[in-house]
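**Q** My structure is in work27.txt, and what it holds is compact mmCIF, C-alpha atoms:
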```txt
# COMPACT_ATOMS: atom_id res chain seq x y z
CA MET A 1 -31.69 163.21 48.65
CA PRO A 2 -30.39 165.86 46.21
CA GLU A 3 -28.31 168.52 47.92
CA ASN A 4 -30.44 171.44 46.75
CA ASP A 5 -33.59 169.90 48.24
CA ARG A 6 -32.22 170.00 51.77
CA ILE A 7 -33.93 172.67 53.87
CA ASN A 8 -33.44 172.25 57.60
CA THR A 9 -35.90 174.69 59.14
CA SER A 10 -37.17 172.57 62.01
CA LEU A 11 -36.58 169.37 63.90
CA PRO A 12 -38.97 166.62 65.02
CA ASP A 13 -40.63 166.93 68.41
CA ASN A 14 -38.49 164.06 69.71
CA SER A 15 -35.25 165.84 68.79
CA ALA A 16 -32.11 165.09 70.77
CA LYS A 17 -29.18 167.31 71.68
CA GLY A 18 -25.70 167.73 70.26
CA SER A 19 -23.12 170.42 70.80
CA LEU A 20 -20.96 172.78 68.77
CA LYS A 21 -17.71 174.57 69.57
CA VAL A 22 -16.10 177.16 67.29
CA SER A 23 -12.33 177.81 67.21
CA LEU A 24 -10.86 180.73 65.25
CA THR A 25 -7.26 181.47 64.27
CA SER A 26 -5.62 184.01 61.99
CA SER A 27 -4.63 182.69 58.58
CA LEU A 28 -1.65 185.05 58.72
CA THR A 29 -0.21 184.38 62.18
CA ALA A 30 -1.89 181.10 63.29
CA ALA A 31 -2.68 182.90 66.56
CA PRO A 32 -6.16 182.66 68.10
CA VAL A 33 -8.70 185.35 67.23
CA ALA A 34 -10.26 186.63 70.43
CA ASN A 35 -13.44 188.69 70.82
CA ALA A 36 -14.94 187.50 67.55
CA LYS A 37 -18.74 187.37 67.31
CA VAL A 38 -20.24 184.04 66.24
CA SER A 39 -23.90 184.15 65.22
CA ILE A 40 -25.69 180.80 64.88
CA SER A 41 -28.95 180.13 63.04
CA TYR A 42 -30.74 177.21 61.43
CA THR A 43 -29.65 176.62 57.86
CA GLY A 44 -32.71 177.52 55.78
CA ILE A 45 -33.66 180.46 58.00
CA PRO A 46 -30.30 182.24 58.40
CA ASP A 47 -31.86 185.59 59.35
CA SER A 48 -33.31 184.18 62.56
CA THR A 49 -30.39 184.07 64.99
CA LEU A 50 -30.55 181.38 67.66
CA GLU A 51 -27.41 182.27 69.61
CA GLU A 52 -24.59 184.79 69.61
CA LEU A 53 -21.28 183.85 71.19
CA MET A 54 -17.91 185.54 71.63
CA THR A 55 -14.54 183.85 71.38
CA ASP A 56 -12.20 183.86 74.39
CA SER A 57 -8.44 184.50 74.50
CA SER A 58 -7.88 181.08 72.90
CA GLY A 59 -10.12 182.02 69.98
CA GLN A 60 -12.81 179.61 71.13
CA THR A 61 -16.46 179.75 72.03
CA GLU A 62 -18.01 177.70 74.79
CA SER A 63 -19.58 174.41 73.75
CA LEU A 64 -23.14 175.28 72.80
CA THR A 65 -25.93 172.70 73.17
CA LEU A 66 -28.13 172.54 70.05
CA ASP A 67 -31.05 170.49 68.78
CA ALA A 68 -30.29 167.44 66.66
CA PRO A 69 -32.38 164.60 65.22
CA PRO A 70 -32.76 161.42 67.27
CA LEU A 71 -29.58 159.40 67.74
CA GLU A 72 -30.97 156.28 66.08
CA TYR A 73 -31.19 158.10 62.73
CA SER A 74 -27.40 157.84 62.44
CA LEU A 75 -27.18 154.30 63.79
CA ASP A 76 -29.58 152.39 61.56
CA PRO A 77 -29.46 152.49 57.74
CA ALA A 78 -33.18 151.69 57.65
CA PHE A 79 -33.94 155.30 58.59
CA ASP A 80 -34.29 157.64 55.62
CA GLU A 81 -34.42 160.79 57.73
CA GLN A 82 -31.47 163.17 57.83
CA PRO A 83 -29.55 162.22 61.00
CA TYR A 84 -27.95 165.58 61.66
CA SER A 85 -29.21 169.12 61.98
CA GLU A 86 -27.62 171.95 59.98
CA TYR A 87 -26.63 175.35 61.27
CA THR A 88 -25.32 178.49 59.64
CA LEU A 89 -22.46 180.33 61.34
CA ARG A 90 -21.62 183.98 60.76
CA ILE A 91 -18.20 185.06 62.02
CA GLU A 92 -17.26 188.73 62.49
CA ALA A 93 -14.00 189.94 64.05
CA GLU A 94 -12.29 193.31 64.03
CA GLY A 95 -9.56 193.41 61.40
CA TYR A 96 -10.74 190.26 59.62
CA ALA A 97 -12.99 189.60 56.66
CA PRO A 98 -16.34 188.15 57.77
CA ILE A 99 -17.01 184.52 56.93
CA SER A 100 -20.14 182.38 56.83
CA VAL A 101 -20.50 178.61 56.90
CA ALA A 102 -23.88 177.18 55.94
CA GLY A 103 -24.63 173.55 56.73
CA ALA A 104 -22.47 172.85 59.78
CA GLU A 105 -23.59 169.44 61.03
CA VAL A 106 -24.66 168.60 64.57
CA LEU A 107 -25.28 164.96 65.51
CA ALA A 108 -27.02 163.80 68.66
CA ALA A 109 -24.78 163.18 71.67
CA THR A 110 -21.74 164.41 69.74
CA LEU A 111 -19.46 167.46 69.90
CA SER A 112 -19.00 169.22 66.56
CA LEU A 113 -15.83 171.28 66.14
CA GLN A 114 -15.91 174.17 63.67
CA ASN A 115 -12.32 175.32 63.11
CA LEU A 116 -11.80 178.34 60.87
CA ALA A 117 -8.80 180.44 59.82
CA LEU A 118 -9.83 184.06 59.29
CA ALA A 119 -8.24 186.17 56.58
CA PRO A 120 -7.19 189.74 57.46
CA LEU A 121 -9.19 192.51 55.80
CA GLY A 122 -7.87 193.28 52.36
CA ALA A 123 -6.52 189.80 51.71
CA GLU A 124 -6.87 188.75 48.09
CA ASN A 125 -9.02 185.83 46.95
CA ASN A 126 -10.87 185.66 50.25
CA ASP A 127 -13.87 183.31 50.08
CA SER A 128 -16.42 184.59 52.59
CA VAL A 129 -19.24 182.05 52.20
CA TYR A 130 -18.92 178.27 52.40
CA VAL A 131 -21.87 175.95 51.81
CA ILE A 132 -21.39 172.45 53.20
CA PRO A 133 -23.05 169.80 51.01
CA ALA A 134 -24.82 166.69 52.28
CA HIS A 135 -22.92 164.00 54.17
CA THR A 136 -21.91 161.19 51.81
CA LEU A 137 -24.02 158.66 53.73
CA TYR A 138 -27.10 160.84 53.22
CA GLY A 139 -26.59 162.63 49.89
CA GLU A 140 -25.95 161.18 46.46
CA TYR A 141 -22.36 161.08 45.20
CA PRO A 142 -20.54 159.23 42.41
CA ALA A 143 -19.39 155.73 43.31
CA LYS A 144 -15.67 155.01 43.51
CA ILE A 145 -14.12 153.95 40.21
CA PRO A 146 -12.29 150.69 41.05
CA GLU A 147 -8.49 150.65 40.96
CA GLU A 148 -5.82 148.10 41.75
CA GLU A 149 -5.00 148.29 45.46
CA ILE A 150 -1.26 148.03 44.78
CA LYS A 151 0.25 150.34 42.20
CA PRO A 152 2.95 149.16 39.77
CA VAL A 153 6.38 150.59 40.49
CA GLN A 154 8.37 151.61 37.44
CA GLU A 155 12.07 150.83 37.40
CA SER A 156 12.93 154.20 35.91
CA GLY A 157 11.70 157.68 36.61
CA GLU A 158 10.68 159.37 39.85
CA ILE A 159 7.67 157.24 40.54
CA VAL A 160 7.73 156.60 44.30
CA LEU A 161 9.25 157.86 47.51
CA SER A 162 12.00 155.79 49.11
CA ARG A 163 9.99 155.21 52.30
CA VAL A 164 6.55 155.83 53.76
CA VAL A 165 6.44 159.33 55.23
CA VAL A 166 3.51 161.12 56.83
CA PRO A 167 3.49 164.51 55.08
CA GLU A 168 2.92 167.76 56.90
CA TYR A 169 0.65 169.01 54.10
CA ILE A 170 -1.07 167.55 51.09
CA VAL A 171 -2.51 169.39 48.10
CA VAL A 172 -6.22 168.68 47.62
CA HIS A 173 -7.80 169.37 44.23
CA ASP A 174 -11.42 170.30 44.99
CA GLY A 175 -13.00 168.53 42.04
CA SER A 176 -12.33 165.73 39.58
CA PRO A 177 -8.74 165.39 38.30
CA ARG A 178 -9.60 166.75 34.86
CA ASP A 179 -11.45 169.81 36.16
CA SER A 180 -8.86 172.52 35.55
CA THR A 181 -11.14 175.17 37.08
CA ALA A 182 -11.18 173.46 40.50
CA LYS A 183 -9.14 175.08 43.25
CA ASN A 184 -6.15 173.46 44.94
CA TYR A 185 -5.94 173.67 48.74
CA TYR A 186 -2.86 173.13 50.90
CA VAL A 187 -4.18 171.14 53.86
CA LYS A 188 -2.45 169.72 56.92
CA TYR A 189 -2.46 165.95 56.65
CA LYS A 190 -4.27 165.31 59.95
CA ASP A 191 -6.83 168.01 59.17
CA TYR A 192 -7.48 166.35 55.82
CA ILE A 193 -8.09 162.94 57.41
CA LYS A 194 -10.40 164.43 60.06
CA ASN A 195 -12.36 166.29 57.37
CA VAL A 196 -12.79 163.20 55.18
CA ALA A 197 -13.77 160.91 58.04
CA SER A 198 -16.30 163.47 59.29
CA SER A 199 -17.71 163.67 55.74
CA GLU A 200 -17.93 159.92 55.16
CA ILE A 201 -18.86 158.18 58.42
CA TYR A 202 -21.00 159.15 61.40
CA ALA A 203 -19.20 160.10 64.59
CA THR A 204 -21.86 158.29 66.65
CA TRP A 205 -20.61 154.89 65.47
CA PRO A 206 -18.59 152.46 67.65
CA ALA A 207 -15.00 153.47 68.35
CA ALA A 208 -13.65 150.34 66.63
CA THR A 209 -15.63 151.20 63.48
CA ILE A 210 -14.32 154.76 63.49
CA ARG A 211 -10.74 153.47 63.88
CA ALA A 212 -11.13 150.95 61.05
CA ASN A 213 -12.49 153.59 58.68
CA VAL A 214 -9.84 156.14 59.65
CA LEU A 215 -7.12 153.54 58.99
CA ALA A 216 -8.60 152.83 55.55
CA ILE A 217 -8.77 156.56 54.72
CA MET A 218 -5.18 157.14 55.86
CA SER A 219 -3.80 154.13 54.00
CA PHE A 220 -5.53 155.19 50.79
CA THR A 221 -4.22 158.74 51.20
CA LEU A 222 -0.66 157.64 51.95
CA ASN A 223 -0.75 155.41 48.85
CA ARG A 224 -1.47 158.54 46.81
CA VAL A 225 1.40 160.32 48.57
CA TYR A 226 3.87 157.42 48.34
CA THR A 227 3.28 156.63 44.67
CA GLU A 228 2.89 160.31 43.69
CA TRP A 229 -0.08 159.05 41.73
CA TYR A 230 -1.38 162.31 40.34
CA ARG A 231 1.96 164.09 39.95
CA ASN A 232 3.20 161.24 37.78
CA GLN A 233 0.22 161.91 35.51
CA GLY A 234 1.26 165.56 35.14
CA TYR A 235 -1.04 167.06 37.78
CA ASP A 236 0.08 169.47 40.50
CA PHE A 237 -1.85 167.98 43.44
CA THR A 238 -1.77 164.99 45.79
CA ILE A 239 -5.41 163.91 45.86
CA THR A 240 -8.88 165.07 44.78
CA SER A 241 -12.17 165.67 46.58
CA SER A 242 -14.13 163.57 44.07
CA THR A 243 -15.69 160.38 45.49
CA ALA A 244 -15.32 158.79 42.05
CA PHE A 245 -11.53 158.99 42.36
CA ASP A 246 -10.65 159.55 46.01
CA HIS A 247 -12.48 160.78 49.14
CA LYS A 248 -14.98 163.50 49.91
CA TRP A 249 -13.16 166.50 51.34
CA ILE A 250 -15.05 169.76 51.93
CA PRO A 251 -13.43 173.17 52.52
CA ASN A 252 -14.15 174.52 56.01
CA ARG A 253 -16.59 171.81 57.02
CA ASN A 254 -16.89 171.01 60.73
CA ILE A 255 -15.30 167.90 62.15
CA PHE A 256 -16.40 165.75 65.08
CA ASP A 257 -14.57 165.39 68.37
CA SER A 258 -14.76 161.59 68.53
CA ILE A 259 -13.19 161.36 65.06
CA SER A 260 -10.57 164.03 65.81
CA VAL A 261 -9.29 162.14 68.87
CA VAL A 262 -8.94 158.90 66.87
CA VAL A 263 -6.99 160.62 64.08
CA ASP A 264 -4.64 162.25 66.61
CA GLU A 265 -4.02 158.78 68.04
CA LEU A 266 -3.50 156.87 64.76
CA PHE A 267 -2.27 159.46 62.26
CA ALA A 268 1.09 157.77 61.52
CA ASP A 269 -0.49 154.36 60.79
CA TYR A 270 -1.52 152.75 57.52
CA LEU A 271 -2.47 149.32 56.16
CA SER A 272 -0.04 146.97 54.49
CA ARG A 273 0.30 143.48 53.07
CA PRO A 274 3.32 141.18 53.43
CA ASN A 275 6.24 142.04 51.14
CA VAL A 276 4.49 145.16 49.82
CA LYS A 277 6.27 148.40 50.63
CA GLN A 278 3.55 150.86 49.65
CA PRO A 279 0.46 151.57 51.76
CA ILE A 280 -2.54 149.67 50.43
CA LEU A 281 -5.12 151.62 48.41
CA THR A 282 -8.03 150.58 50.65
CA GLN A 283 -11.19 151.33 48.70
CA TYR A 284 -14.67 151.17 50.21
CA CYS A 285 -18.32 152.13 49.68
CA ASP A 286 -21.31 152.85 51.89
CA GLY A 287 -22.97 149.43 51.56
CA ARG A 288 -26.43 150.92 51.41
CA GLN A 289 -26.69 153.00 48.25
CA VAL A 290 -23.69 151.32 46.62
CA GLN A 291 -22.38 147.75 46.93
CA CYS A 292 -18.70 146.88 46.43
CA PRO A 293 -17.66 143.21 46.72
CA ASN A 294 -14.22 142.65 48.32
CA TRP A 295 -14.14 146.21 49.67
CA MET A 296 -15.14 147.43 53.10
CA THR A 297 -18.63 148.87 53.39
CA GLN A 298 -19.15 151.65 55.89
CA TRP A 299 -22.52 150.48 57.18
CA GLY A 300 -21.19 146.91 57.32
CA SER A 301 -18.22 148.07 59.38
CA LYS A 302 -20.67 149.75 61.75
CA SER A 303 -22.55 146.47 62.19
CA LEU A 304 -19.30 144.62 62.93
CA GLY A 305 -18.34 147.28 65.46
CA ASP A 306 -21.71 146.76 67.16
CA GLN A 307 -20.85 143.04 67.39
CA GLY A 308 -17.57 143.75 69.19
CA TYR A 309 -15.12 143.33 66.32
CA THR A 310 -11.79 145.12 66.79
CA PRO A 311 -10.51 147.55 64.12
CA ILE A 312 -8.14 144.99 62.57
CA GLU A 313 -10.86 142.30 62.67
CA ILE A 314 -13.20 144.65 60.79
CA LEU A 315 -10.54 145.39 58.19
CA ARG A 316 -9.58 141.72 57.73
CA TYR A 317 -13.24 140.76 57.39
CA TYR A 318 -13.33 142.79 54.18
CA TYR A 319 -9.75 142.91 52.90
CA GLY A 320 -8.46 139.49 53.98
CA ASP A 321 -6.40 138.02 56.79
CA ASP A 322 -3.09 139.23 55.32
CA MET A 323 -3.91 142.89 56.05
CA TYR A 324 -1.77 144.46 58.76
CA ILE A 325 -1.44 147.81 60.51
CA ASN A 326 1.95 149.44 59.92
CA THR A 327 3.50 152.71 61.08
CA ALA A 328 5.22 155.26 58.86
CA GLU A 329 8.97 155.53 59.16
CA ALA A 330 8.95 159.32 59.41
CA ILE A 331 6.64 162.22 60.20
CA SER A 332 7.30 165.48 58.38
CA GLY A 333 7.17 168.92 59.93
CA VAL A 334 7.88 168.06 63.57
CA PRO A 335 10.91 169.26 65.57
CA ALA A 336 11.50 165.83 67.16
CA SER A 337 9.79 162.48 67.37
CA TRP A 338 7.85 161.20 70.37
CA PRO A 339 10.24 159.73 72.96
CA GLY A 340 8.45 156.38 72.84
CA TYR A 341 6.94 156.63 76.33
CA ASP A 342 4.56 158.96 78.14
CA LEU A 343 5.91 162.01 79.94
CA SER A 344 4.28 162.69 83.31
CA VAL A 345 5.02 163.99 86.80
CA GLY A 346 8.43 162.64 87.81
CA SER A 347 9.80 162.49 84.25
CA SER A 348 12.93 164.46 83.46
CA GLY A 349 15.47 165.04 80.72
CA ASP A 350 15.89 166.66 77.33
CA LYS A 351 12.52 165.53 75.99
CA VAL A 352 10.74 167.17 78.93
CA ARG A 353 12.75 170.37 78.46
CA GLN A 354 11.99 170.45 74.74
CA MET A 355 8.27 169.98 75.42
CA GLN A 356 8.33 172.74 78.06
CA GLU A 357 10.07 175.13 75.66
CA GLN A 358 7.46 174.44 73.00
CA LEU A 359 4.61 175.00 75.45
CA ASN A 360 6.11 178.38 76.38
CA VAL A 361 6.26 179.44 72.73
CA ILE A 362 2.63 178.39 72.30
CA ALA A 363 1.70 180.32 75.45
CA GLY A 364 2.96 183.47 73.73
CA ALA A 365 0.03 183.12 71.31
CA TYR A 366 -2.43 181.47 73.70
CA PRO A 367 -2.42 183.56 76.92
CA ALA A 368 -4.70 181.13 78.75
CA LEU A 369 -1.84 178.62 78.68
CA PRO A 370 0.45 179.12 81.69
CA LYS A 371 4.19 179.27 81.04
CA VAL A 372 6.52 176.95 82.93
CA ASP A 373 10.18 176.79 83.84
CA ALA A 374 11.94 174.91 81.05
CA ASP A 375 14.10 172.99 83.51
CA GLY A 376 13.60 169.48 82.15
CA ILE A 377 11.68 168.41 85.26
CA TYR A 378 8.02 167.38 84.90
CA GLY A 379 6.39 168.85 88.00
CA THR A 380 2.86 169.90 88.88
CA ALA A 381 3.24 173.24 87.06
CA THR A 382 4.09 171.41 83.84
CA GLU A 383 1.22 168.98 84.45
CA ASN A 384 -1.21 171.89 84.84
CA SER A 385 0.08 173.55 81.67
CA VAL A 386 -0.27 170.30 79.73
CA ARG A 387 -3.78 169.82 81.06
CA LYS A 388 -4.75 173.33 79.94
CA PHE A 389 -3.20 172.70 76.52
CA GLN A 390 -5.25 169.52 76.20
CA SER A 391 -8.37 171.45 77.15
CA ILE A 392 -7.77 174.11 74.50
CA PHE A 393 -7.04 171.60 71.74
CA ASN A 394 -9.78 169.06 72.53
CA LEU A 395 -7.61 166.25 73.85
CA PRO A 396 -8.37 164.09 76.89
CA GLN A 397 -7.33 166.22 79.89
CA THR A 398 -4.94 163.80 81.57
CA GLY A 399 -1.99 166.10 82.25
CA VAL A 400 0.18 163.41 80.64
CA VAL A 401 2.10 163.95 77.40
CA ASP A 402 1.22 160.80 75.49
CA TYR A 403 1.70 160.16 71.77
CA LYS A 404 -1.18 162.29 70.55
CA THR A 405 -0.45 165.15 72.96
CA TRP A 406 3.25 165.22 71.99
CA TYR A 407 2.46 165.57 68.32
CA LYS A 408 -0.33 168.09 68.92
CA ILE A 409 2.12 170.25 70.90
CA SER A 410 4.60 169.89 68.02
CA GLU A 411 1.94 170.80 65.46
CA ILE A 412 0.79 173.95 67.26
CA TYR A 413 4.37 174.95 68.11
CA VAL A 414 5.44 174.70 64.47
CA GLY A 415 2.44 176.76 63.40
CA VAL A 416 2.91 179.67 65.78
CA SER A 417 6.73 179.71 65.72
CA ARG A 418 7.04 179.46 61.94
CA ILE A 419 4.68 182.37 61.37
CA ALA A 420 6.38 184.37 64.13
CA GLU A 421 9.73 183.94 62.38
CA LEU A 422 8.27 185.14 59.10
CA THR A 423 6.72 188.24 60.65
```
Represent the supplied structure as structure tokens.
**A**
Amino acid sequence: MPENDRINTSLPDNSAKGSLKVSLTSSLTAAPVANAKVSISYTGIPDSTLEELMTDSSGQTESLTLDAPPLEYSLDPAFDEQPYSEYTLRIEAEGYAPISVAGAEVLAATLSLQNLALAPLGAENNDSVYVIPAHTLYGEYPAKIPEEEIKPVQESGEIVLSRVVVPEYIVVHDGSPRDSTAKNYYVKYKDYIKNVASSEIYATWPAATIRANVLAIMSFTLNRVYTEWYRNQGYDFTITSSTAFDHKWIPNRNIFDSISVVVDELFADYLSRPNVKQPILTQYCDGRQVQCPNWMTQWGSKSLGDQGYTPIEILRYYYGDDMYINTAEAISGVPASWPGYDLSVGSSGDKVRQMQEQLNVIAGAYPALPKVDADGIYGTATENSVRKFQSIFNLPQTGVVDYKTWYKISEIYVGVSRIAELT
């Protein structure tokens, strides 16, 4: 359905329920924005407010239950109905420019996360209204232009990096490569992957299907990073938001909790073939509107997930048995790498102390997070602080610092400490 024909003013009588949570930070300090007013309405009738919420000391609203179309709409390609409802959010906070997002998506039985960075009043080039276009599985977008999955490496010139590195940021060109009027955005790598996956698959799909698609998206993206594909053509960006060339990325769109957790778990991984150093450019299509022999299809991967296929079995079904999951040699922008084992009550040592110190810095910006003694001993106070951190940042609340929690602590610590140093 064309994007401009989409008016979501009502839902069917058999509508289901999804939920939405809004998180606000300052674009200047990365600190949470408390006491902001969030007004929510149906897209199509934005003047009729459904709910008004206020953000807490962590810059977050409560999770609000909202109407959504029936779950089966997102599970069966035979349905032509739009599988998600659309809401418009109006954000107002003292000292910040107001911002509106039209078209935030809510799926049945799924938590939508709307994360926004607010610009202080008076900031230049502040975009106050964002309109989220149709999901790629529902709207009409250009099909991917086929490319070779392995890029030639020139013997001379600065063509590739020396090793696979997960970047802290990538530069996204919001348009086709040749559109010089399109804006470039500096986006955290994990945020980019979460945005693309939320734009291109449904979060209601099997976990194995979500993992397989996230791995394909990350491998494709890291191929662009590793080969410096666009920079070696004279462009000043890493990747584009055009589905004809790359992936669909949408400024300030909401993401989905089930996708976010998977990305936090897998973000350093990519796909490789034997004796090939670069990540594989894993191309795919939806399999419903567009067919693509020898590539993964998104709806096909959903069917395989329903049948119990594992992520690697799904990927090998489409890309061949010589496809493997690899892990990047380095992760940029983190103070120290994960120790290689979970930290929990009874753990001790320098890694525990470092984690405690980082939590205390974060607590300076997030007052709901209790500070702890940075003594290198993982006791119940540290466990409670970790559990609260996980609650704030939408991680499973285990009280254990596993791989994804370690790197989320590092990510938030770098954000709040770097800005604090600058100011």
**Q** Neighbourhood query: residues within 10 Å of (-10.3, 157.2, 45.2), file coordinates, counting all atoms listed in the file; return as a list of chain:residue names.
**A**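 The requested residues, written out, are A:Ala143, A:Lys144, A:Ile145, A:Pro146, A:Glu147, A:Ile217, A:Phe220, A:Thr221, A:Arg224, A:Ile239, A:Thr240, A:Ser241, A:Ser242, A:Thr243, A:Ala244, A:Phe245, A:Asp246, A:His247, A:Lys248, A:Leu281, A:Thr282, A:Gln283, A:Tyr284.
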**Q** Mind dumping the selected residues with C-alpha atoms as a PDB file, in the coordinates of the input?
**A**
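Once written, again-v4.pdb looks like this:
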```pdb
ATOM      1  CA  ALA A 143     -19.390 155.730  43.310  1.00  0.00           C
ATOM      2  CA  LYS A 144     -15.670 155.010  43.510  1.00  0.00           C
ATOM      3  CA  ILE A 145     -14.120 153.950  40.210  1.00  0.00           C
ATOM      4  CA  PRO A 146     -12.290 150.690  41.050  1.00  0.00           C
ATOM      5  CA  GLU A 147      -8.490 150.650  40.960  1.00  0.00           C
ATOM      6  CA  ILE A 217      -8.770 156.560  54.720  1.00  0.00           C
ATOM      7  CA  PHE A 220      -5.530 155.190  50.790  1.00  0.00           C
ATOM      8  CA  THR A 221      -4.220 158.740  51.200  1.00  0.00           C
ATOM      9  CA  ARG A 224      -1.470 158.540  46.810  1.00  0.00           C
ATOM     10  CA  ILE A 239      -5.410 163.910  45.860  1.00  0.00           C
ATOM     11  CA  THR A 240      -8.880 165.070  44.780  1.00  0.00           C
ATOM     12  CA  SER A 241     -12.170 165.670  46.580  1.00  0.00           C
ATOM     13  CA  SER A 242     -14.130 163.570  44.070  1.00  0.00           C
ATOM     14  CA  THR A 243     -15.690 160.380  45.490  1.00  0.00           C
ATOM     15  CA  ALA A 244     -15.320 158.790  42.050  1.00  0.00           C
ATOM     16  CA  PHE A 245     -11.530 158.990  42.360  1.00  0.00           C
ATOM     17  CA  ASP A 246     -10.650 159.550  46.010  1.00  0.00           C
ATOM     18  CA  HIS A 247     -12.480 160.780  49.140  1.00  0.00           C
ATOM     19  CA  LYS A 248     -14.980 163.500  49.910  1.00  0.00           C
ATOM     20  CA  LEU A 281      -5.120 151.620  48.410  1.00  0.00           C
ATOM     21  CA  THR A 282      -8.030 150.580  50.650  1.00  0.00           C
ATOM     22  CA  GLN A 283     -11.190 151.330  48.700  1.00  0.00           C
ATOM     23  CA  TYR A 284     -14.670 151.170  50.210  1.00  0.00           C
TER      24      TYR A 284
END
```
**Q** Of the candidates A:Arg231, A:Arg353, A:His135, A:Arg273, which one gets nearest to Gly320 in chain A if we count only C-alpha atoms?
**A** A:Arg273
**Q** Just want the 6 Å neighbourhood of range 48-55 of chain A, counted on all atoms listed in the file, with same-chain residues fewer than 5 positions away dropped. Output as an mmCIF file with C-alpha atoms, in the frame of the given file.
**A**
```cif
data_model
loop_
_atom_site.group_PDB
_atom_site.id
_atom_site.type_symbol
_atom_site.label_atom_id
_atom_site.label_comp_id
_atom_site.auth_asym_id
_atom_site.auth_seq_id
_atom_site.Cartn_x
_atom_site.Cartn_y
_atom_site.Cartn_z
ATOM 1 C CA ALA A 34 -10.260 186.630 70.430
ATOM 2 C CA ASN A 35 -13.440 188.690 70.820
ATOM 3 C CA ALA A 36 -14.940 187.500 67.550
ATOM 4 C CA LYS A 37 -18.740 187.370 67.310
ATOM 5 C CA VAL A 38 -20.240 184.040 66.240
ATOM 6 C CA SER A 39 -23.900 184.150 65.220
ATOM 7 C CA ILE A 40 -25.690 180.800 64.880
ATOM 8 C CA SER A 41 -28.950 180.130 63.040
ATOM 9 C CA GLN A 60 -12.810 179.610 71.130
ATOM 10 C CA THR A 61 -16.460 179.750 72.030
#
```
**Q** Hey, what's within 12 Å of Thr227 in chain A if we count all atoms listed in the file and toss same-chain stuff fewer than 3 positions away? As a PyMOL selection string, please?
**A** chain A and resi 149-154+157-165+219-224+230-233+238-239+277-281
**Q** Would you export the selected residues with C-alpha atoms as a PDB file, keeping the file's coordinate frame, please?
**A**
```
ATOM      1  CA  GLU A 149      -5.000 148.290  45.460  1.00  0.00           C
ATOM      2  CA  ILE A 150      -1.260 148.030  44.780  1.00  0.00           C
ATOM      3  CA  LYS A 151       0.250 150.340  42.200  1.00  0.00           C
ATOM      4  CA  PRO A 152       2.950 149.160  39.770  1.00  0.00           C
ATOM      5  CA  VAL A 153       6.380 150.590  40.490  1.00  0.00           C
ATOM      6  CA  GLN A 154       8.370 151.610  37.440  1.00  0.00           C
ATOM      7  CA  GLY A 157      11.700 157.680  36.610  1.00  0.00           C
ATOM      8  CA  GLU A 158      10.680 159.370  39.850  1.00  0.00           C
ATOM      9  CA  ILE A 159       7.670 157.240  40.540  1.00  0.00           C
ATOM     10  CA  VAL A 160       7.730 156.600  44.300  1.00  0.00           C
ATOM     11  CA  LEU A 161       9.250 157.860  47.510  1.00  0.00           C
ATOM     12  CA  SER A 162      12.000 155.790  49.110  1.00  0.00           C
ATOM     13  CA  ARG A 163       9.990 155.210  52.300  1.00  0.00           C
ATOM     14  CA  VAL A 164       6.550 155.830  53.760  1.00  0.00           C
ATOM     15  CA  VAL A 165       6.440 159.330  55.230  1.00  0.00           C
ATOM     16  CA  SER A 219      -3.800 154.130  54.000  1.00  0.00           C
ATOM     17  CA  PHE A 220      -5.530 155.190  50.790  1.00  0.00           C
ATOM     18  CA  THR A 221      -4.220 158.740  51.200  1.00  0.00           C
ATOM     19  CA  LEU A 222      -0.660 157.640  51.950  1.00  0.00           C
ATOM     20  CA  ASN A 223      -0.750 155.410  48.850  1.00  0.00           C
ATOM     21  CA  ARG A 224      -1.470 158.540  46.810  1.00  0.00           C
ATOM     22  CA  TYR A 230      -1.380 162.310  40.340  1.00  0.00           C
ATOM     23  CA  ARG A 231       1.960 164.090  39.950  1.00  0.00           C
ATOM     24  CA  ASN A 232       3.200 161.240  37.780  1.00  0.00           C
ATOM     25  CA  GLN A 233       0.220 161.910  35.510  1.00  0.00           C
ATOM     26  CA  THR A 238      -1.770 164.990  45.790  1.00  0.00           C
ATOM     27  CA  ILE A 239      -5.410 163.910  45.860  1.00  0.00           C
ATOM     28  CA  LYS A 277       6.270 148.400  50.630  1.00  0.00           C
ATOM     29  CA  GLN A 278       3.550 150.860  49.650  1.00  0.00           C
ATOM     30  CA  PRO A 279       0.460 151.570  51.760  1.00  0.00           C
ATOM     31  CA  ILE A 280      -2.540 149.670  50.430  1.00  0.00           C
ATOM     32  CA  LEU A 281      -5.120 151.620  48.410  1.00  0.00           C
TER      33      LEU A 281
END
```
**Q** Considering all atoms listed in the file, give me a table of residues in range 274-357 of chain A that are at most 12 Å from range 383-394 of chain A, with the closest atom pair and distance in Å for each, as a tab-separated table.
**A**
```
residue	atom	partner	partner_atom	distance
A:Leu343	CA	A:Glu383	CA	9.5
A:Ser344	CA	A:Glu383	CA	7.1
A:Val345	CA	A:Glu383	CA	6.7
A:Gly346	CA	A:Glu383	CA	10.2
A:Ser347	CA	A:Glu383	CA	10.8
A:Val352	CA	A:Glu383	CA	11.2
A:Met355	CA	A:Val386	CA	9.6
A:Gln356	CA	A:Ser385	CA	9.0
A:Glu357	CA	A:Ser385	CA	11.8
```
**Q** Which residue gives the smallest distance to Trp249 in chain A among A:Leu113, A:Val172, A:Cys285, A:Ala381, with only C-alpha atoms counted?
**A** A:Val172
**Q** Hey, which of A:Leu107, A:Ala78, A:Ile99, A:Val263 ends up closest to Ala207 in chain A? Count all atoms listed in the file.
**A** A:Val263
**Q** Listing only residues of range 207-302 of chain A within 12 Å of range 79-91 of chain A, what is the closest atom pair and its distance in Å (to one decimal) for each, using all atoms listed in the file, sorted by chain and residue number ascending, as JSON lines?
**A**
```
{"residue": "A:Asn252", "atom": "CA", "partner": "A:Leu89", "partner_atom": "CA", "distance": 11.5}
{"residue": "A:Arg253", "atom": "CA", "partner": "A:Leu89", "partner_atom": "CA", "distance": 11.2}
{"residue": "A:Asn254", "atom": "CA", "partner": "A:Tyr87", "partner_atom": "CA", "distance": 10.7}
{"residue": "A:Arg288", "atom": "CA", "partner": "A:Asp80", "partner_atom": "CA", "distance": 11.2}
{"residue": "A:Gln289", "atom": "CA", "partner": "A:Asp80", "partner_atom": "CA", "distance": 11.6}
```
